[in-house]
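Source file: my_file24.txt; contents: compact mmCIF, C-alpha atoms and all ligand atoms.
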```
# COMPACT_ATOMS: atom_id res chain seq x y z
CA MET A 24 27.08 -16.94 -11.43
CA LEU A 25 27.64 -16.50 -7.71
CA SER A 26 30.80 -17.70 -6.08
CA ALA A 27 30.46 -20.04 -3.12
CA PRO A 28 31.06 -17.41 -0.38
CA GLU A 29 28.57 -15.04 -2.04
CA CYS A 30 25.99 -17.78 -2.12
CA LEU A 31 26.63 -18.57 1.52
CA TRP A 32 25.99 -14.94 2.45
CA LEU A 33 22.76 -14.89 0.46
CA CYS A 34 21.60 -18.09 2.11
CA LEU A 35 22.43 -16.70 5.54
CA ALA A 36 20.56 -13.49 4.75
CA ALA A 37 17.58 -15.54 3.58
CA LEU A 38 17.68 -17.56 6.81
CA ILE A 39 17.77 -14.42 8.95
CA LEU A 40 14.86 -12.94 6.98
CA SER A 41 12.73 -16.06 7.35
CA ALA A 42 13.55 -16.30 11.05
CA SER A 43 12.43 -12.72 11.62
CA ALA A 44 9.09 -13.50 9.99
CA GLU A 45 8.29 -15.74 12.99
CA GLY A 46 7.71 -12.69 15.18
CA GLU A 47 10.40 -13.15 17.82
CA PRO A 48 10.89 -10.16 20.11
CA GLY A 49 13.27 -7.70 18.50
CA SER A 50 12.44 -8.70 14.93
CA GLN A 51 10.24 -6.75 12.55
CA ILE A 52 7.03 -8.02 10.96
CA LYS A 53 5.44 -6.21 8.03
CA VAL A 54 1.67 -6.00 7.55
CA VAL A 55 0.33 -4.62 4.28
CA VAL A 56 -3.32 -3.65 3.67
CA LEU A 57 -5.29 -1.43 1.33
CA GLU A 58 -6.92 1.69 2.73
CA GLY A 59 -10.40 1.07 4.16
CA SER A 60 -9.74 -2.52 5.15
CA ASP A 61 -8.92 -3.81 8.64
CA ALA A 62 -5.40 -4.69 9.75
CA ILE A 63 -4.45 -7.27 12.37
CA LEU A 64 -1.14 -6.39 14.01
CA PRO A 65 0.29 -9.61 15.45
CA CYS A 66 1.97 -9.88 18.84
CA SER A 67 2.16 -13.25 20.59
CA LEU A 68 4.31 -14.94 23.19
CA SER A 69 5.92 -18.11 21.90
CA THR A 70 5.45 -19.60 25.40
CA LYS A 71 1.67 -19.08 25.00
CA GLU A 72 1.40 -18.16 28.69
CA ASN A 73 -1.81 -16.53 29.91
CA ILE A 74 -1.60 -12.70 29.92
CA GLU A 75 -5.12 -11.86 31.10
CA GLN A 76 -3.69 -10.41 34.33
CA ASN A 77 -0.69 -8.73 32.69
CA ARG A 78 -0.17 -5.46 30.90
CA PHE A 79 0.51 -4.80 27.27
CA ASN A 80 0.89 -1.59 25.38
CA TRP A 81 0.76 -0.79 21.68
CA LYS A 82 2.44 2.37 20.46
CA LYS A 83 3.12 3.88 17.12
CA VAL A 84 6.74 5.00 17.16
CA ASP A 85 7.45 6.13 13.62
CA PRO A 86 7.11 8.60 11.92
CA ASN A 87 5.23 10.13 14.90
CA GLU A 88 4.60 8.80 18.40
CA GLN A 89 1.02 7.86 19.33
CA GLU A 90 -0.68 5.76 22.01
CA VAL A 91 -2.59 3.09 20.11
CA PHE A 92 -3.88 0.52 22.61
CA ARG A 93 -3.25 -0.32 26.24
CA TYR A 94 -4.45 -3.29 28.27
CA ASP A 95 -3.90 -3.51 32.00
CA GLY A 96 -5.14 -6.64 33.74
CA GLY A 97 -8.67 -6.36 32.30
CA LEU A 98 -8.94 -2.61 31.83
CA HIS A 99 -8.26 -1.18 28.40
CA TYR A 100 -8.79 1.79 26.11
CA ASN A 101 -12.26 0.66 25.01
CA ASP A 102 -13.29 0.28 28.63
CA GLY A 103 -12.51 3.61 30.27
CA LEU A 104 -8.70 3.56 30.43
CA PRO A 105 -7.57 7.09 29.39
CA GLY A 106 -4.67 8.12 27.17
CA GLN A 107 -5.43 6.78 23.71
CA ASP A 108 -4.51 9.03 20.79
CA LYS A 109 -7.70 10.40 19.21
CA HIS A 110 -6.54 9.25 15.78
CA PHE A 111 -7.14 5.67 16.94
CA ARG A 112 -10.20 6.18 19.13
CA GLY A 113 -12.98 3.68 18.46
CA ARG A 114 -10.97 1.84 15.80
CA VAL A 115 -8.72 -0.51 17.78
CA SER A 116 -9.58 -3.64 19.72
CA HIS A 117 -7.82 -6.64 21.15
CA PHE A 118 -8.95 -10.27 21.12
CA PRO A 119 -10.09 -11.09 24.70
CA LEU A 120 -10.30 -14.85 24.14
CA GLU A 121 -6.75 -14.96 22.76
CA LEU A 122 -5.18 -13.55 25.94
CA GLN A 123 -5.19 -16.98 27.57
CA SER A 124 -2.70 -18.15 24.97
CA GLY A 125 -0.37 -15.15 25.19
CA ASN A 126 -1.81 -13.38 22.16
CA ALA A 127 -1.85 -9.58 22.45
CA SER A 128 -2.63 -8.91 18.78
CA ILE A 129 -4.89 -5.98 17.90
CA ILE A 130 -7.12 -5.11 14.98
CA ILE A 131 -7.25 -1.60 13.52
CA LYS A 132 -10.55 -1.07 11.71
CA ASN A 133 -11.04 0.97 8.59
CA THR A 134 -7.36 1.83 8.07
CA VAL A 135 -6.20 5.08 6.48
CA VAL A 136 -2.88 5.97 4.85
CA PRO A 137 -1.61 7.91 7.94
CA ASP A 138 -1.87 4.70 10.02
CA SER A 139 1.25 3.56 8.13
CA GLY A 140 4.40 3.37 10.19
CA ASN A 141 6.23 1.37 12.80
CA TYR A 142 4.47 0.05 15.88
CA THR A 143 5.74 -1.62 19.03
CA CYS A 144 3.91 -4.06 21.27
CA ASP A 145 5.29 -4.37 24.83
CA ILE A 146 4.14 -7.22 26.97
CA ARG A 147 5.03 -6.93 30.67
CA LEU A 148 6.04 -10.22 32.21
CA GLN A 149 8.88 -10.56 34.70
CA GLN A 150 10.71 -8.59 32.09
CA LYS A 151 9.39 -6.56 29.20
CA GLN A 152 9.14 -8.21 25.78
CA THR A 153 9.00 -5.86 22.82
CA PHE A 154 7.76 -6.72 19.35
CA SER A 155 8.06 -4.43 16.30
CA ILE A 156 5.52 -4.35 13.52
CA GLU A 157 5.55 -2.23 10.40
CA LEU A 158 2.15 -1.37 8.96
CA VAL A 159 1.86 -0.18 5.38
CA VAL A 160 -1.57 1.11 4.37
CA GLY A 161 -1.70 1.59 0.63
CA ALA A 162 -4.08 3.60 -1.52
CA ALA A 163 -4.27 2.18 -5.02
CA PRO A 164 -6.57 4.30 -7.21
CA LYS A 165 -7.09 3.13 -10.79
CA PRO A 166 -5.30 5.12 -13.49
CA LEU A 167 -7.54 7.06 -15.89
CA ILE A 168 -6.74 7.56 -19.56
CA HIS A 169 -7.84 10.67 -21.45
CA VAL A 170 -7.40 11.46 -25.15
CA LEU A 171 -5.94 14.94 -25.51
CA LYS A 172 -5.72 15.03 -29.28
CA ILE A 173 -6.13 12.69 -32.20
CA THR A 174 -5.13 13.10 -35.82
CA GLU A 175 -5.18 10.68 -38.72
CA ASP A 176 -2.07 8.89 -37.58
CA GLU A 177 -1.20 10.11 -34.11
CA ALA A 178 -2.91 10.32 -30.74
CA ARG A 179 -1.78 12.18 -27.68
CA LEU A 180 -2.84 10.36 -24.52
CA LYS A 181 -2.81 11.37 -20.90
CA CYS A 182 -2.78 8.99 -17.96
CA GLU A 183 -3.66 10.26 -14.51
CA VAL A 184 -3.29 8.56 -11.14
CA ARG A 185 -4.64 10.58 -8.24
CA GLY A 186 -4.04 10.08 -4.53
CA ALA A 187 -1.87 6.94 -4.66
CA SER A 188 0.29 5.82 -1.75
CA PRO A 189 3.04 4.70 -1.70
CA LYS A 190 4.29 6.38 -4.88
CA PRO A 191 3.44 4.21 -7.90
CA LYS A 192 5.54 3.63 -10.98
CA VAL A 193 3.34 4.65 -13.92
CA GLU A 194 4.00 3.35 -17.44
CA TRP A 195 2.42 3.27 -20.86
CA ARG A 196 2.40 -0.12 -22.54
CA ASP A 197 1.14 -1.44 -25.86
CA SER A 198 -1.11 -4.48 -26.24
CA ASP A 199 1.89 -6.83 -26.06
CA GLY A 200 3.07 -5.28 -22.81
CA ASN A 201 6.02 -3.40 -24.35
CA ILE A 202 6.78 -0.12 -22.62
CA LEU A 203 5.98 2.89 -24.83
CA PRO A 204 8.13 6.00 -24.72
CA ALA A 205 6.51 8.69 -22.59
CA GLU A 206 7.33 12.18 -21.37
CA GLU A 207 8.83 12.88 -17.96
CA PRO A 208 6.05 12.17 -15.40
CA GLN A 209 4.51 15.14 -13.59
CA VAL A 210 4.45 14.28 -9.89
CA SER A 211 2.86 16.18 -7.05
CA ARG A 212 2.72 15.10 -3.44
CA THR A 213 0.25 15.91 -0.66
CA GLY A 214 1.24 14.28 2.62
CA GLU A 215 1.90 10.65 1.73
CA ARG A 216 -0.26 10.73 -1.40
CA TYR A 217 0.90 11.22 -4.95
CA ASP A 218 -0.76 12.53 -8.10
CA ILE A 219 1.03 11.47 -11.26
CA THR A 220 0.38 12.48 -14.86
CA LEU A 221 2.11 10.74 -17.74
CA LEU A 222 1.76 11.86 -21.36
CA THR A 223 2.55 9.85 -24.44
CA THR A 224 2.05 10.08 -28.17
CA VAL A 225 1.12 6.91 -30.01
CA THR A 226 1.05 6.39 -33.75
CA ARG A 227 -0.61 4.04 -36.22
CA THR A 228 2.36 1.71 -35.92
CA ASN A 229 1.74 1.10 -32.20
CA ILE A 230 -0.67 -1.69 -31.41
CA SER A 231 -3.91 -0.88 -29.61
CA PRO A 232 -5.24 -1.19 -26.94
CA PHE A 233 -2.89 1.01 -24.95
CA HIS A 234 -2.48 0.35 -21.27
CA CYS A 235 -1.57 2.74 -18.51
CA VAL A 236 -0.17 0.63 -15.67
CA ALA A 237 0.43 1.79 -12.10
CA THR A 238 2.69 -0.49 -10.02
CA GLN A 239 3.20 -0.19 -6.26
CA GLU A 240 5.84 -2.77 -5.43
CA GLU A 241 5.82 -2.17 -1.65
CA ILE A 242 2.19 -3.26 -1.43
CA GLY A 243 2.34 -5.78 -4.30
CA HIS A 244 -0.34 -3.97 -6.26
CA VAL A 245 -0.78 -3.41 -9.99
CA THR A 246 -3.73 -1.59 -11.53
CA GLU A 247 -4.37 -0.36 -15.05
CA ASP A 248 -6.70 1.33 -17.49
CA LYS A 249 -6.76 0.53 -21.21
CA LEU A 250 -7.99 2.19 -24.32
CA SER A 251 -8.35 1.21 -27.98
CA VAL A 252 -7.66 3.98 -30.46
CA ALA A 253 -9.02 3.74 -34.01
CA PHE A 254 -7.13 6.09 -36.27
CA CYS A 255 -9.38 7.17 -39.14
CA GLY A 256 -8.35 8.47 -42.52
CA THR A 257 -9.34 12.13 -42.59
CA CYS A 258 -10.44 12.98 -39.08
CA GLY A 259 -7.44 15.21 -38.57
CA LYS A 260 -8.70 17.47 -41.32
CA VAL A 261 -12.47 17.29 -41.35
CA ILE A 262 -14.23 18.62 -38.30
CA THR A 263 -17.42 16.58 -38.84
CA ARG A 264 -15.37 13.42 -39.12
CA MET A 265 -13.78 14.13 -35.76
CA ALA A 266 -16.89 12.97 -33.96
CA VAL A 267 -16.86 9.71 -35.88
CA CYS A 268 -13.25 9.31 -34.95
CA PHE A 269 -13.95 9.74 -31.26
CA ILE A 270 -16.68 7.13 -31.40
CA GLY A 271 -13.93 4.82 -32.60
CA ILE A 272 -12.26 5.17 -29.21
CA LEU A 273 -13.36 2.37 -26.96
CA SER A 274 -12.60 2.52 -23.32
CA PHE A 275 -12.63 -0.67 -21.26
CA PHE A 276 -13.23 -0.27 -17.55
C1 LIG B 301 -3.69 -14.11 17.62
O1 LIG B 301 -5.04 -13.74 17.46
C2 LIG B 301 -5.38 -13.25 16.16
C3 LIG B 301 -6.84 -12.83 16.19
O2 LIG B 301 -7.68 -13.87 16.54
C4 LIG B 301 -5.12 -14.33 15.14
O3 LIG B 301 -5.38 -13.81 13.85
C5 LIG B 301 -3.67 -14.78 15.23
O4 LIG B 301 -3.46 -15.86 14.34
C6 LIG B 301 -3.34 -15.23 16.66
N1 LIG B 301 -1.92 -15.52 16.74
C7 LIG B 301 -1.46 -16.70 17.14
C8 LIG B 301 0.01 -16.87 17.17
O5 LIG B 301 -2.22 -17.60 17.48
C1 LIG B 302 10.08 1.38 10.03
O1 LIG B 302 11.23 0.63 10.37
C2 LIG B 302 11.97 0.16 9.25
C3 LIG B 302 13.06 -0.74 9.76
O2 LIG B 302 13.67 -0.22 10.93
C4 LIG B 302 12.47 1.35 8.46
O3 LIG B 302 13.17 0.90 7.33
C5 LIG B 302 11.27 2.17 8.01
O4 LIG B 302 11.71 3.33 7.33
C6 LIG B 302 10.43 2.59 9.20
N1 LIG B 302 9.19 3.23 8.69
C7 LIG B 302 8.83 4.47 9.02
C8 LIG B 302 7.55 4.96 8.45
O5 LIG B 302 9.48 5.19 9.74
```
Could the structure of this file be written out as structure tokens, please?
Amino acid sequence: MLSAPECLWLCLAALILSASAEGEPGSQIKVVVLEGSDAILPCSLSTKENIEQNRFNWKKVDPNEQEVFRYDGGLHYNDGLPGQDKHFRGRVSHFPLELQSGNASIIIKNTVVPDSGNYTCDIRLQQKQTFSIELVVGAAPKPLIHVLKITEDEARLKCEVRGASPKPKVEWRDSDGNILPAEEPQVSRTGERYDITLLTTVTRTNISPFHCVATQEEIGHVTEDKLSVAFCGTCGKVITRMAVCFIGILSFF
């Protein structure tokens, strides 16, 4: 149980969090998309005043600094204004009809993992208003299960997730969703992408189908592969029965 002061702090924290979701200058909004889809980065004046004749500038500030989109009283990066980072060339546009109502949001087409990071949107009025937006572009490849070895009462299974971002938690589970013991995961990283291999050994007493589940909490994504293993009496010993045994393995995609 929480004591009254603790609860008060939690409630205050919750209030502050919900207030910052409104997109006031100085607060941080988070946008989450999967790689390959388009992302709208929001930036709007609460006064809704017309900004067609004003300037606004979108920059990526973190982890590296890049010029994303600039609008200057009608001129912009898709209309001859120089200076845009080549990483964003041809992929970013604003919404011309929204300018009348103080909306300087942009859309980034066909996002890739390196687009992830913190962005700022500056709108020049009498004074500058700055908005911060965090973009997370996730890559969520499906795990793949392979059978490494099968005997009459044991199977050694490998689960592989390749190129995921952010780093997923990978787990083996039985048909009831119970976590199965597994070996230490093998993790390798290339840029922001992760390859993860997780080995487990299941026995007759575990209940098929077995699931390999990859969870990426930051992007609210869960994906899995599952496999039914039929252990057969003598396949560990008799070579010709091995084939029969493997036919007993059903993979569901
Ligand atoms: C700004 O424009 C974008 C694109 O049309 C839209 O998705 C967003 O809801 C608008 N924001 C506001 C506050 O109207
Ligand atoms: C973006 O900003 C947030 C809050 O300031 C910070 O926690 C996060 O690490 C930043 N992201 C990157 C990619 O730098």
Taking into account all atoms listed in the file, which residue in the set A:Lys172, A:Lys53, A:Arg93, A:His244 is nearest to Thr226 of chain A?
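Ranking A:Lys172, A:Lys53, A:Arg93, A:His244 by distance to Thr226 of chain A, first place goes to A:Lys172.
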Show me, as number ranges by chain, the residues that have an atom within 10 Å of segment 210-213 of chain A when counting only C-alpha atoms, minus same-chain residues fewer than 4 positions from it.
A: 184-188, 190, 217-221
Separation of atom CA of Lys151 of chain A from atom N1 of ligand LIG 301 (chain B), in Å and rounded to one decimal:
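Those two atoms sit 19.1 Å apart.
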Can you work out the spacing between atom C5 of ligand LIG 302 (chain B) and atom CA of Glu247 of chain A in Å, to one decimal?
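Atom CA of Glu247 of chain A lies at a distance of 28.0 Å from atom C5 of ligand LIG 302 (chain B).
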Restricting the calculation to only C-alpha atoms and all ligand atoms, which member of A:Phe154, A:Phe118, A:Phe254, A:Trp195 is positioned closest to ligand LIG 301 (chain B)?
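For ligand LIG 301 (chain B), the nearest of the candidates is A:Phe118.
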Mind checking which residues fall within 12 Å of Asn201 of chain A, counting all atoms listed in the file, ignoring those fewer than 2 positions away in the same chain, and posting them as a list of chain:residue names?
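Using all atoms listed in the file, the neighbours found are A:Glu194, A:Trp195, A:Arg196, A:Asp197, A:Ser198, A:Asp199, A:Leu203, A:Pro204, A:Asn229, A:Ile230, A:Ser231, A:Pro232, A:Phe233, A:His234, A:Cys235, A:Val236.
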Close residues, Lys71 of chain A itself excluded, 8 Å, only C-alpha atoms, min 5 positions apart in chain, as JSON, numbers by chain:
{"A": [123, 124, 125, 126]}
Atom completion result for segment 87-98 of chain A (all heavy atoms) as a PDB file, in the coordinates of the input:
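Generated file (part_28.pdb):
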```
ATOM      1  N   ASN A  87       5.584   9.292  13.741  1.00  0.00           N
ATOM      2  CA  ASN A  87       5.230  10.130  14.900  1.00  0.00           C
ATOM      3  C   ASN A  87       4.802   9.201  16.032  1.00  0.00           C
ATOM      4  O   ASN A  87       4.396   8.074  15.789  1.00  0.00           O
ATOM      5  CB  ASN A  87       4.094  11.104  14.541  1.00  0.00           C
ATOM      6  CG  ASN A  87       2.966  10.390  13.809  1.00  0.00           C
ATOM      7  OD1 ASN A  87       3.117   9.262  13.349  1.00  0.00           O
ATOM      8  ND2 ASN A  87       1.824  11.015  13.704  1.00  0.00           N
ATOM      9  N   GLU A  88       4.902   9.670  17.277  1.00  0.00           N
ATOM     10  CA  GLU A  88       4.600   8.800  18.400  1.00  0.00           C
ATOM     11  C   GLU A  88       3.141   8.951  18.837  1.00  0.00           C
ATOM     12  O   GLU A  88       2.672  10.063  19.053  1.00  0.00           O
ATOM     13  CB  GLU A  88       5.546   9.115  19.562  1.00  0.00           C
ATOM     14  CG  GLU A  88       5.610   7.970  20.551  1.00  0.00           C
ATOM     15  CD  GLU A  88       6.927   7.972  21.319  1.00  0.00           C
ATOM     16  OE1 GLU A  88       8.004   8.074  20.697  1.00  0.00           O
ATOM     17  OE2 GLU A  88       6.851   7.876  22.543  1.00  0.00           O
ATOM     18  N   GLN A  89       2.425   7.828  18.928  1.00  0.00           N
ATOM     19  CA  GLN A  89       1.020   7.860  19.330  1.00  0.00           C
ATOM     20  C   GLN A  89       0.692   6.654  20.195  1.00  0.00           C
ATOM     21  O   GLN A  89       1.221   5.562  19.971  1.00  0.00           O
ATOM     22  CB  GLN A  89       0.119   7.854  18.088  1.00  0.00           C
ATOM     23  CG  GLN A  89       0.153   9.149  17.290  1.00  0.00           C
ATOM     24  CD  GLN A  89      -0.478   8.993  15.909  1.00  0.00           C
ATOM     25  OE1 GLN A  89      -0.335   7.994  15.234  1.00  0.00           O
ATOM     26  NE2 GLN A  89      -1.173  10.033  15.480  1.00  0.00           N
ATOM     27  N   GLU A  90      -0.195   6.868  21.182  1.00  0.00           N
ATOM     28  CA  GLU A  90      -0.680   5.760  22.010  1.00  0.00           C
ATOM     29  C   GLU A  90      -1.802   5.071  21.248  1.00  0.00           C
ATOM     30  O   GLU A  90      -2.821   5.689  20.926  1.00  0.00           O
ATOM     31  CB  GLU A  90      -1.225   6.301  23.341  1.00  0.00           C
ATOM     32  CG  GLU A  90      -0.173   6.872  24.271  1.00  0.00           C
ATOM     33  CD  GLU A  90       0.758   5.799  24.827  1.00  0.00           C
ATOM     34  OE1 GLU A  90       0.330   4.641  24.948  1.00  0.00           O
ATOM     35  OE2 GLU A  90       1.919   6.148  25.123  1.00  0.00           O
ATOM     36  N   VAL A  91      -1.634   3.804  20.958  1.00  0.00           N
ATOM     37  CA  VAL A  91      -2.590   3.090  20.110  1.00  0.00           C
ATOM     38  C   VAL A  91      -3.558   2.244  20.932  1.00  0.00           C
ATOM     39  O   VAL A  91      -4.778   2.362  20.796  1.00  0.00           O
ATOM     40  CB  VAL A  91      -1.835   2.184  19.103  1.00  0.00           C
ATOM     41  CG1 VAL A  91      -2.817   1.403  18.246  1.00  0.00           C
ATOM     42  CG2 VAL A  91      -0.914   3.032  18.232  1.00  0.00           C
ATOM     43  N   PHE A  92      -3.009   1.388  21.815  1.00  0.00           N
ATOM     44  CA  PHE A  92      -3.880   0.520  22.610  1.00  0.00           C
ATOM     45  C   PHE A  92      -3.144   0.074  23.863  1.00  0.00           C
ATOM     46  O   PHE A  92      -1.982  -0.307  23.812  1.00  0.00           O
ATOM     47  CB  PHE A  92      -4.317  -0.712  21.815  1.00  0.00           C
ATOM     48  CG  PHE A  92      -5.417  -1.475  22.482  1.00  0.00           C
ATOM     49  CD1 PHE A  92      -6.742  -1.062  22.373  1.00  0.00           C
ATOM     50  CD2 PHE A  92      -5.141  -2.589  23.266  1.00  0.00           C
ATOM     51  CE1 PHE A  92      -7.754  -1.749  23.023  1.00  0.00           C
ATOM     52  CE2 PHE A  92      -6.160  -3.283  23.911  1.00  0.00           C
ATOM     53  CZ  PHE A  92      -7.467  -2.859  23.785  1.00  0.00           C
ATOM     54  N   ARG A  93      -3.849   0.136  24.995  1.00  0.00           N
ATOM     55  CA  ARG A  93      -3.250  -0.320  26.240  1.00  0.00           C
ATOM     56  C   ARG A  93      -4.218  -1.258  26.945  1.00  0.00           C
ATOM     57  O   ARG A  93      -5.436  -1.024  26.961  1.00  0.00           O
ATOM     58  CB  ARG A  93      -2.964   0.887  27.150  1.00  0.00           C
ATOM     59  CG  ARG A  93      -2.210   0.534  28.420  1.00  0.00           C
ATOM     60  CD  ARG A  93      -2.192   1.727  29.348  1.00  0.00           C
ATOM     61  NE  ARG A  93      -1.451   2.844  28.785  1.00  0.00           N
ATOM     62  CZ  ARG A  93      -0.138   3.038  28.951  1.00  0.00           C
ATOM     63  NH1 ARG A  93       0.565   2.185  29.659  1.00  0.00           N
ATOM     64  NH2 ARG A  93       0.452   4.083  28.435  1.00  0.00           N
ATOM     65  N   TYR A  94      -3.672  -2.325  27.506  1.00  0.00           N
ATOM     66  CA  TYR A  94      -4.450  -3.290  28.270  1.00  0.00           C
ATOM     67  C   TYR A  94      -3.752  -3.465  29.605  1.00  0.00           C
ATOM     68  O   TYR A  94      -2.529  -3.602  29.660  1.00  0.00           O
ATOM     69  CB  TYR A  94      -4.497  -4.625  27.527  1.00  0.00           C
ATOM     70  CG  TYR A  94      -5.181  -5.741  28.288  1.00  0.00           C
ATOM     71  CD1 TYR A  94      -6.540  -6.010  28.129  1.00  0.00           C
ATOM     72  CD2 TYR A  94      -4.452  -6.539  29.184  1.00  0.00           C
ATOM     73  CE1 TYR A  94      -7.163  -7.033  28.840  1.00  0.00           C
ATOM     74  CE2 TYR A  94      -5.068  -7.560  29.897  1.00  0.00           C
ATOM     75  CZ  TYR A  94      -6.422  -7.798  29.720  1.00  0.00           C
ATOM     76  OH  TYR A  94      -7.031  -8.804  30.421  1.00  0.00           O
ATOM     77  N   ASP A  95      -4.511  -3.415  30.668  1.00  0.00           N
ATOM     78  CA  ASP A  95      -3.900  -3.510  32.000  1.00  0.00           C
ATOM     79  C   ASP A  95      -4.759  -4.400  32.886  1.00  0.00           C
ATOM     80  O   ASP A  95      -5.696  -3.936  33.533  1.00  0.00           O
ATOM     81  CB  ASP A  95      -3.767  -2.089  32.575  1.00  0.00           C
ATOM     82  CG  ASP A  95      -2.893  -2.083  33.830  1.00  0.00           C
ATOM     83  OD1 ASP A  95      -2.578  -3.178  34.350  1.00  0.00           O
ATOM     84  OD2 ASP A  95      -2.539  -0.982  34.279  1.00  0.00           O
ATOM     85  N   GLY A  96      -4.472  -5.671  32.879  1.00  0.00           N
ATOM     86  CA  GLY A  96      -5.140  -6.640  33.740  1.00  0.00           C
ATOM     87  C   GLY A  96      -6.663  -6.596  33.654  1.00  0.00           C
ATOM     88  O   GLY A  96      -7.341  -6.772  34.658  1.00  0.00           O
ATOM     89  N   GLY A  97      -7.220  -6.353  32.471  1.00  0.00           N
ATOM     90  CA  GLY A  97      -8.670  -6.360  32.300  1.00  0.00           C
ATOM     91  C   GLY A  97      -9.215  -5.010  31.865  1.00  0.00           C
ATOM     92  O   GLY A  97     -10.213  -4.928  31.158  1.00  0.00           O
ATOM     93  N   LEU A  98      -8.523  -3.934  32.296  1.00  0.00           N
ATOM     94  CA  LEU A  98      -8.940  -2.610  31.830  1.00  0.00           C
ATOM     95  C   LEU A  98      -8.241  -2.312  30.498  1.00  0.00           C
ATOM     96  O   LEU A  98      -7.123  -2.755  30.271  1.00  0.00           O
ATOM     97  CB  LEU A  98      -8.504  -1.538  32.832  1.00  0.00           C
ATOM     98  CG  LEU A  98      -9.408  -1.280  34.021  1.00  0.00           C
ATOM     99  CD1 LEU A  98      -8.798  -0.204  34.912  1.00  0.00           C
ATOM    100  CD2 LEU A  98     -10.800  -0.848  33.548  1.00  0.00           C
TER     101      LEU A  98
END
```
